[in-house]
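**Student:** Quick one: the structure is below, questions incoming.
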Amino acid sequence: MVTVLYLNLLQVPSGHMTFLQSQVAGGGLENRGFFPYEQGITFVPTLFVPYRWRKYQLEIQSKVQEIKIKLPLRYSAYLRLNDLFYVQMKLKIEGEIPATEAFAALKALQLKPVERDKFIEDQLQFLAAEYFIDINSDEKNLEKVKTQLTGFFNNNNLAELQKRLDAQLRAPWFKLKSIELRDLYVPDSQIYAAQTKNLDQVAAADRRALLVQIEKEADLALERKRNHEDLAKAERMGALVAENPDILEYYKIEKIAPRAGNVILDAAGGQKRNLTIQSDKKPARGRDGKGENSDGGEIGRAE
């Protein structure tokens with residue numbers, strides 16, 4: 001009895017929130033069977049029942065993360081000189097998940113609370129890439145890009161960053177408390193221009209080759225799909241014949257019957273075309289001695 005009572009105790013550590021999802025009934029949040037529990041010890045009468053609940057424990061407390069971000073320039077991939085021609089940043093952020101938005105966060109994480117840190121890192125990477133595309137219109141002046149990135153990822157711009165992040169997350173479930181640009185590297189404009197002077201034609205040729213490759217892969221994918229459909233059809237037919245062997249004979253008759261009918265009709269049509277009717281009856285003659293259809297008059301009649 002003591003063991004059963006002990007197994008019914010749910011302990012949620014500080015700075016976390018736990019969700020129990022019922023596997024046998026609905027109700028709870030959004031009528032999906034989710035029941036939230038904040039930090040502390042809670043008595044759940046059926047917690048000891050095997051497979052009755054699924055448990056999700058999400059860290060919601062304020063947490064500091066260091067995030068490395070690498071952004072490519074137009075020709076970064078062509079310049080195989082390590083990371084010298086990539087824009088690189090290191091951010092230190094602090095953020096938390098409000099308790100009221102914990103369930104929205106759990107859904108955004110696709111019920112994988114352990115993915116919180118990686119998910120936030122990916123979102124900051126997307127946010128930086130989107131802003132970088134907006135400001136990187138002229139790669140001949142990369143010093144200007146450096147200045148704009150420094151001003152954007154700054155605590156004074158926290159409200160704008162939060163606004164962009166909320167739009168990206170589609171819900172305000174992660175709150176930035178502080179952000180610090182720890183390191184920023186931008187390639188030298190003159191060196192980059194010299195290295196990329198003759199790469200326009202190479203890039204254009206690569207784009208054309210990529211389009212051709214995409215078209216070929218699309219055709220191959222369509223052919224594979226058709227082959228899979230034919231194979232599945234053959235497998236179903238084989239299973240059907242194995243269960244009903246007599247159906248094969250009916251199938252043969254069904255396929256042969258139209259051809260046999262056409263052969264018979266063709267043969268009959270050929271005989272009719274070659275058929276001639278012989279008759280011993282002589283054609284009748286007219287009164288003038290000519291044929292029956294002659295226009296001549298009778299003999300001896302006056303004109």
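Naming scheme: A, B, ... for chains in displayed order of the structure tokens; residues 1 onward per chain; ligands 1 onward as shown.
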Within 6 Å of Ile93 (chain A), counting only C-alpha atoms, which residues show up once you throw out same-chain ones fewer than 5 positions away? Write them as a ChimeraX atom specification, please.
**Tutor:** /A:64-65,178-179
**Student:** Using the selection just defined, write its residues with N, CA and C atoms as a compact mmCIF listing (two decimals), in the first residue's frame.
**Tutor:**
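So out_33.txt came out as:
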```
# COMPACT_ATOMS: atom_id res chain seq x y z
N VAL A 64 20.81 30.63 -19.94
CA VAL A 64 21.79 31.30 -20.80
C VAL A 64 22.32 30.30 -21.84
N GLN A 65 22.39 30.76 -23.08
CA GLN A 65 22.90 29.93 -24.17
C GLN A 65 23.93 30.71 -24.98
N SER A 178 17.97 39.01 -22.46
CA SER A 178 19.17 39.78 -22.81
C SER A 178 19.86 39.12 -23.99
N ILE A 179 20.64 39.91 -24.72
CA ILE A 179 21.41 39.38 -25.85
C ILE A 179 22.73 40.15 -25.92
```
**Student:** List as a ChimeraX atom specification the protein and nucleic acid residues near Leu176 (chain A), meaning an atom at most 12 Å away when only C-alpha atoms are counted, but skip any in the same chain fewer than 2 places from it.
**Tutor:** /A:61-65,92-98,120,124,153-155,157-166,172-174,178-180
**Student:** What would the file look like if the residues just selected were written as a short mmCIF file (atom, residue, chain, number, x, y, z; two decimals), in the first residue's frame with N, CA and C atoms?
**Tutor:**
```
data_model
loop_
_atom_site.label_atom_id
_atom_site.label_comp_id
_atom_site.auth_asym_id
_atom_site.auth_seq_id
_atom_site.Cartn_x
_atom_site.Cartn_y
_atom_site.Cartn_z
N GLN A 61 12.58 27.74 -16.90
CA GLN A 61 13.29 28.79 -16.18
C GLN A 61 14.24 29.54 -17.11
N SER A 62 14.68 30.72 -16.64
CA SER A 62 15.62 31.53 -17.41
C SER A 62 16.92 30.75 -17.59
N LYS A 63 17.44 30.80 -18.82
CA LYS A 63 18.62 30.00 -19.15
C LYS A 63 19.50 30.77 -20.12
N VAL A 64 20.81 30.63 -19.94
CA VAL A 64 21.79 31.30 -20.80
C VAL A 64 22.32 30.30 -21.84
N GLN A 65 22.39 30.76 -23.08
CA GLN A 65 22.90 29.93 -24.17
C GLN A 65 23.93 30.71 -24.98
N LYS A 92 25.44 35.47 -27.12
CA LYS A 92 25.11 34.98 -25.78
C LYS A 92 23.72 35.53 -25.44
N ILE A 93 22.76 34.63 -25.32
CA ILE A 93 21.40 35.06 -25.05
C ILE A 93 20.91 34.46 -23.74
N GLU A 94 19.95 35.14 -23.15
CA GLU A 94 19.27 34.63 -21.97
C GLU A 94 17.77 34.73 -22.22
N GLY A 95 17.06 33.63 -22.02
CA GLY A 95 15.64 33.63 -22.26
C GLY A 95 14.92 32.62 -21.40
N GLU A 96 13.60 32.76 -21.34
CA GLU A 96 12.78 31.88 -20.52
C GLU A 96 11.46 31.62 -21.22
N ILE A 97 10.74 30.61 -20.74
CA ILE A 97 9.42 30.27 -21.24
C ILE A 97 8.40 30.61 -20.16
N PRO A 98 7.49 31.56 -20.38
CA PRO A 98 6.47 31.86 -19.38
C PRO A 98 5.62 30.63 -19.09
N ILE A 120 15.84 26.67 -30.04
CA ILE A 120 16.10 28.10 -29.90
C ILE A 120 17.30 28.51 -30.74
N LEU A 124 17.28 31.34 -33.79
CA LEU A 124 18.18 32.50 -33.87
C LEU A 124 18.99 32.47 -35.16
N PHE A 153 22.05 43.12 -33.30
CA PHE A 153 22.15 42.17 -32.20
C PHE A 153 22.72 42.88 -30.97
N ASN A 154 21.90 43.74 -30.42
CA ASN A 154 22.30 44.57 -29.29
C ASN A 154 21.14 44.63 -28.31
N ASN A 155 21.46 44.74 -27.02
CA ASN A 155 20.40 44.80 -26.01
C ASN A 155 19.44 45.97 -26.23
N ASN A 157 18.29 46.84 -28.92
CA ASN A 157 17.34 46.44 -29.99
C ASN A 157 16.54 45.20 -29.58
N LEU A 158 16.44 44.94 -28.29
CA LEU A 158 15.79 43.71 -27.81
C LEU A 158 14.32 43.64 -28.21
N ALA A 159 13.62 44.77 -28.22
CA ALA A 159 12.20 44.78 -28.57
C ALA A 159 11.98 44.34 -30.02
N GLU A 160 12.83 44.82 -30.93
CA GLU A 160 12.71 44.43 -32.34
C GLU A 160 13.04 42.96 -32.53
N LEU A 161 14.06 42.49 -31.83
CA LEU A 161 14.41 41.07 -31.90
C LEU A 161 13.27 40.20 -31.38
N GLN A 162 12.66 40.62 -30.28
CA GLN A 162 11.54 39.85 -29.72
C GLN A 162 10.35 39.83 -30.69
N LYS A 163 10.10 40.95 -31.34
CA LYS A 163 9.00 41.04 -32.30
C LYS A 163 9.22 40.09 -33.47
N ARG A 164 10.42 40.07 -34.01
CA ARG A 164 10.74 39.17 -35.12
C ARG A 164 10.68 37.70 -34.67
N LEU A 165 11.15 37.44 -33.45
CA LEU A 165 11.14 36.06 -32.95
C LEU A 165 9.71 35.57 -32.73
N ASP A 166 8.83 36.43 -32.21
CA ASP A 166 7.43 36.04 -32.00
C ASP A 166 6.75 35.70 -33.33
N PRO A 172 4.08 33.90 -28.76
CA PRO A 172 5.09 34.50 -27.88
C PRO A 172 5.45 33.60 -26.71
N TRP A 173 5.97 32.40 -27.01
CA TRP A 173 6.22 31.46 -25.93
C TRP A 173 7.67 31.47 -25.44
N PHE A 174 8.55 32.23 -26.10
CA PHE A 174 9.93 32.35 -25.63
C PHE A 174 10.25 33.83 -25.50
N SER A 178 17.97 39.01 -22.46
CA SER A 178 19.17 39.78 -22.81
C SER A 178 19.86 39.12 -23.99
N ILE A 179 20.64 39.91 -24.72
CA ILE A 179 21.41 39.38 -25.85
C ILE A 179 22.73 40.15 -25.92
N GLU A 180 23.78 39.42 -26.21
CA GLU A 180 25.12 40.02 -26.29
C GLU A 180 25.85 39.44 -27.48
#
```
**Student:** Taking the backbone alone, and naming residues the way the document does, which bits of region 31-169 of chain A are strand (DSSP E or B) by DSSP, as a VMD selection string?
**Tutor:** chain A and resid 34 to 37 40 to 43 53 to 59 63 to 72 86 to 96
**Student:** Counting only C-alpha atoms, figure out which residue out of A:Thr42, A:Asn31, A:Asn198, A:Asn227 gets nearest to Tyr75 (chain A).
**Tutor:** A:Asn198
**Student:** Could you tell me how far CA of Glu59 (chain A) lies from CA of Pro113 (chain A), in Å and to one decimal?
**Tutor:** 7.4 Å
**Student:** Pick the closest to Ala77 (chain A) from A:Asn156, A:Gln213, A:Thr196, A:Thr46: which is it, counting only C-alpha atoms?
**Tutor:**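 Smallest distance to Ala77 (chain A) is found for A:Thr196.
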**Student:** Quick one: residues within 12 Å of Met17 (chain A), only C-alpha atoms, excluding same-chain residues fewer than 2 positions away - as a ChimeraX atom specification?
**Tutor:** /A:10-15,19-20,35-41,55-61,97-103,105-106,113
**Student:** For the residues selected in the previous step, produce a file with N, CA and C atoms as a short mmCIF file (atom, residue, chain, number, x, y, z; two decimals), in the first residue's frame.
**Tutor:**
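Final output, part25.cif:
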```cif
data_model
loop_
_atom_site.label_atom_id
_atom_site.label_comp_id
_atom_site.auth_asym_id
_atom_site.auth_seq_id
_atom_site.Cartn_x
_atom_site.Cartn_y
_atom_site.Cartn_z
N LEU A 10 3.85 12.76 -7.90
CA LEU A 10 4.53 13.38 -9.04
C LEU A 10 5.36 14.54 -8.53
N GLN A 11 6.65 14.48 -8.74
CA GLN A 11 7.56 15.52 -8.28
C GLN A 11 8.08 16.31 -9.48
N VAL A 12 7.83 17.61 -9.48
CA VAL A 12 8.28 18.49 -10.55
C VAL A 12 9.41 19.36 -10.00
N PRO A 13 10.61 19.29 -10.57
CA PRO A 13 11.73 20.07 -10.03
C PRO A 13 11.55 21.56 -10.27
N SER A 14 12.32 22.34 -9.56
CA SER A 14 12.25 23.80 -9.68
C SER A 14 12.66 24.24 -11.09
N GLY A 15 11.94 25.23 -11.60
CA GLY A 15 12.25 25.76 -12.92
C GLY A 15 11.73 24.92 -14.06
N PHE A 19 3.90 17.89 -17.92
CA PHE A 19 2.60 17.61 -18.52
C PHE A 19 2.39 16.10 -18.53
N LEU A 20 1.25 15.67 -18.04
CA LEU A 20 0.85 14.27 -18.14
C LEU A 20 -0.21 14.16 -19.23
N PHE A 35 -2.49 17.41 -18.97
CA PHE A 35 -2.74 18.03 -17.67
C PHE A 35 -1.43 18.60 -17.14
N PRO A 36 -1.38 19.93 -16.88
CA PRO A 36 -0.12 20.58 -16.46
C PRO A 36 0.08 20.51 -14.95
N TYR A 37 1.36 20.43 -14.54
CA TYR A 37 1.73 20.43 -13.12
C TYR A 37 2.97 21.30 -12.96
N GLU A 38 2.87 22.27 -12.05
CA GLU A 38 4.00 23.14 -11.78
C GLU A 38 4.91 22.52 -10.73
N GLN A 39 6.00 23.22 -10.43
CA GLN A 39 7.01 22.66 -9.53
C GLN A 39 6.40 22.32 -8.16
N GLY A 40 6.91 21.25 -7.58
CA GLY A 40 6.41 20.77 -6.30
C GLY A 40 6.02 19.30 -6.39
N ILE A 41 5.32 18.82 -5.35
CA ILE A 41 4.88 17.43 -5.29
C ILE A 41 3.36 17.40 -5.35
N LYS A 55 4.57 11.16 -19.84
CA LYS A 55 5.10 12.30 -19.09
C LYS A 55 6.03 13.14 -19.95
N TYR A 56 5.84 14.48 -19.90
CA TYR A 56 6.71 15.44 -20.59
C TYR A 56 7.17 16.49 -19.57
N GLN A 57 8.46 16.63 -19.39
CA GLN A 57 9.01 17.59 -18.43
C GLN A 57 9.78 18.65 -19.18
N LEU A 58 9.29 19.90 -19.11
CA LEU A 58 9.84 21.01 -19.89
C LEU A 58 10.52 22.01 -18.96
N GLU A 59 11.74 22.40 -19.33
CA GLU A 59 12.45 23.43 -18.57
C GLU A 59 11.98 24.80 -19.02
N ILE A 60 11.44 25.58 -18.09
CA ILE A 60 10.89 26.89 -18.42
C ILE A 60 11.67 28.03 -17.78
N GLN A 61 12.58 27.74 -16.90
CA GLN A 61 13.29 28.79 -16.18
C GLN A 61 14.24 29.54 -17.11
N ILE A 97 10.74 30.61 -20.74
CA ILE A 97 9.42 30.27 -21.24
C ILE A 97 8.40 30.61 -20.16
N PRO A 98 7.49 31.56 -20.38
CA PRO A 98 6.47 31.86 -19.38
C PRO A 98 5.62 30.63 -19.09
N ALA A 99 5.22 30.45 -17.83
CA ALA A 99 4.44 29.28 -17.45
C ALA A 99 3.12 29.22 -18.21
N THR A 100 2.55 30.39 -18.52
CA THR A 100 1.27 30.42 -19.24
C THR A 100 1.42 29.98 -20.69
N GLU A 101 2.65 30.02 -21.22
CA GLU A 101 2.91 29.64 -22.61
C GLU A 101 3.63 28.30 -22.72
N ALA A 102 3.71 27.57 -21.60
CA ALA A 102 4.47 26.33 -21.59
C ALA A 102 3.87 25.29 -22.53
N PHE A 103 2.55 25.20 -22.59
CA PHE A 103 1.93 24.21 -23.46
C PHE A 103 2.14 24.56 -24.93
N ALA A 105 4.75 26.08 -26.03
CA ALA A 105 6.14 25.71 -26.26
C ALA A 105 6.28 24.21 -26.49
N LEU A 106 5.57 23.42 -25.69
CA LEU A 106 5.64 21.97 -25.85
C LEU A 106 5.15 21.54 -27.23
N PRO A 113 10.56 18.00 -25.31
CA PRO A 113 11.08 19.10 -24.47
C PRO A 113 12.60 19.13 -24.38
#
```
**Student:** Which residues are near region 136-138 of chain A? Cut-off 12 Å, only C-alpha atoms, ignore same chain within fewer than 6 positions. Put them as a ChimeraX atom specification.
**Tutor:** /A:71-74,87,128-130,144-149,186,189,193
**Student:** Generate a file of the selected residues that holds N, CA and C atoms, formatted as an mmCIF file, in the first residue's frame.
**Tutor:**
```
data_model
loop_
_atom_site.group_PDB
_atom_site.id
_atom_site.type_symbol
_atom_site.label_atom_id
_atom_site.label_comp_id
_atom_site.auth_asym_id
_atom_site.auth_seq_id
_atom_site.Cartn_x
_atom_site.Cartn_y
_atom_site.Cartn_z
ATOM 1 N N LEU A 71 27.019 32.699 -41.629
ATOM 2 C CA LEU A 71 26.198 33.175 -42.733
ATOM 3 C C LEU A 71 27.031 33.251 -44.005
ATOM 4 N N PRO A 72 26.560 32.653 -45.105
ATOM 5 C CA PRO A 72 27.343 32.659 -46.347
ATOM 6 C C PRO A 72 27.137 33.934 -47.151
ATOM 7 N N LEU A 73 28.187 34.386 -47.780
ATOM 8 C CA LEU A 73 28.083 35.429 -48.792
ATOM 9 C C LEU A 73 27.704 34.772 -50.119
ATOM 10 N N ARG A 74 27.642 35.577 -51.168
ATOM 11 C CA ARG A 74 27.148 35.068 -52.452
ATOM 12 C C ARG A 74 28.023 33.945 -53.009
ATOM 13 N N VAL A 87 30.466 35.090 -42.983
ATOM 14 C CA VAL A 87 30.210 35.973 -41.845
ATOM 15 C C VAL A 87 29.925 35.092 -40.635
ATOM 16 N N ALA A 128 18.774 35.501 -37.865
ATOM 17 C CA ALA A 128 19.965 36.198 -38.343
ATOM 18 C C ALA A 128 20.087 36.116 -39.863
ATOM 19 N N ALA A 129 19.782 34.942 -40.428
ATOM 20 C CA ALA A 129 19.875 34.770 -41.882
ATOM 21 C C ALA A 129 18.870 35.663 -42.605
ATOM 22 N N GLU A 130 17.670 35.785 -42.062
ATOM 23 C CA GLU A 130 16.650 36.626 -42.691
ATOM 24 C C GLU A 130 17.074 38.094 -42.686
ATOM 25 N N LYS A 144 29.969 47.935 -43.979
ATOM 26 C CA LYS A 144 28.640 48.432 -43.634
ATOM 27 C C LYS A 144 27.784 47.306 -43.059
ATOM 28 N N VAL A 145 27.919 46.108 -43.623
ATOM 29 C CA VAL A 145 27.199 44.949 -43.106
ATOM 30 C C VAL A 145 27.599 44.667 -41.656
ATOM 31 N N LYS A 146 28.872 44.796 -41.376
ATOM 32 C CA LYS A 146 29.366 44.559 -40.015
ATOM 33 C C LYS A 146 28.746 45.548 -39.031
ATOM 34 N N THR A 147 28.673 46.802 -39.435
ATOM 35 C CA THR A 147 28.087 47.829 -38.568
ATOM 36 C C THR A 147 26.607 47.546 -38.308
ATOM 37 N N GLN A 148 25.879 47.151 -39.342
ATOM 38 C CA GLN A 148 24.446 46.884 -39.189
ATOM 39 C C GLN A 148 24.190 45.668 -38.304
ATOM 40 N N LEU A 149 25.009 44.630 -38.440
ATOM 41 C CA LEU A 149 24.851 43.452 -37.586
ATOM 42 C C LEU A 149 25.143 43.783 -36.129
ATOM 43 N N VAL A 186 33.632 39.519 -40.255
ATOM 44 C CA VAL A 186 33.147 39.779 -41.612
ATOM 45 C C VAL A 186 34.365 39.839 -42.534
ATOM 46 N N SER A 189 36.396 43.402 -47.635
ATOM 47 C CA SER A 189 35.700 43.658 -48.908
ATOM 48 C C SER A 189 36.634 43.536 -50.105
ATOM 49 N N ALA A 193 36.371 40.739 -53.025
ATOM 50 C CA ALA A 193 36.135 41.152 -54.419
ATOM 51 C C ALA A 193 37.188 40.572 -55.353
#
```
**Student:** Quick one, how far is CA of Phe85 (chain A) from CA of Phe132 (chain A)?
**Tutor:**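 Between CA of Phe85 (chain A) and CA of Phe132 (chain A) the gap is 14.7 Å.
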**Student:** Mind pulling up the distance from CA of Leu91 (chain A) to CA of Asp183 (chain A)?
**Tutor:**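 These atoms are spaced 7.2 Å apart.
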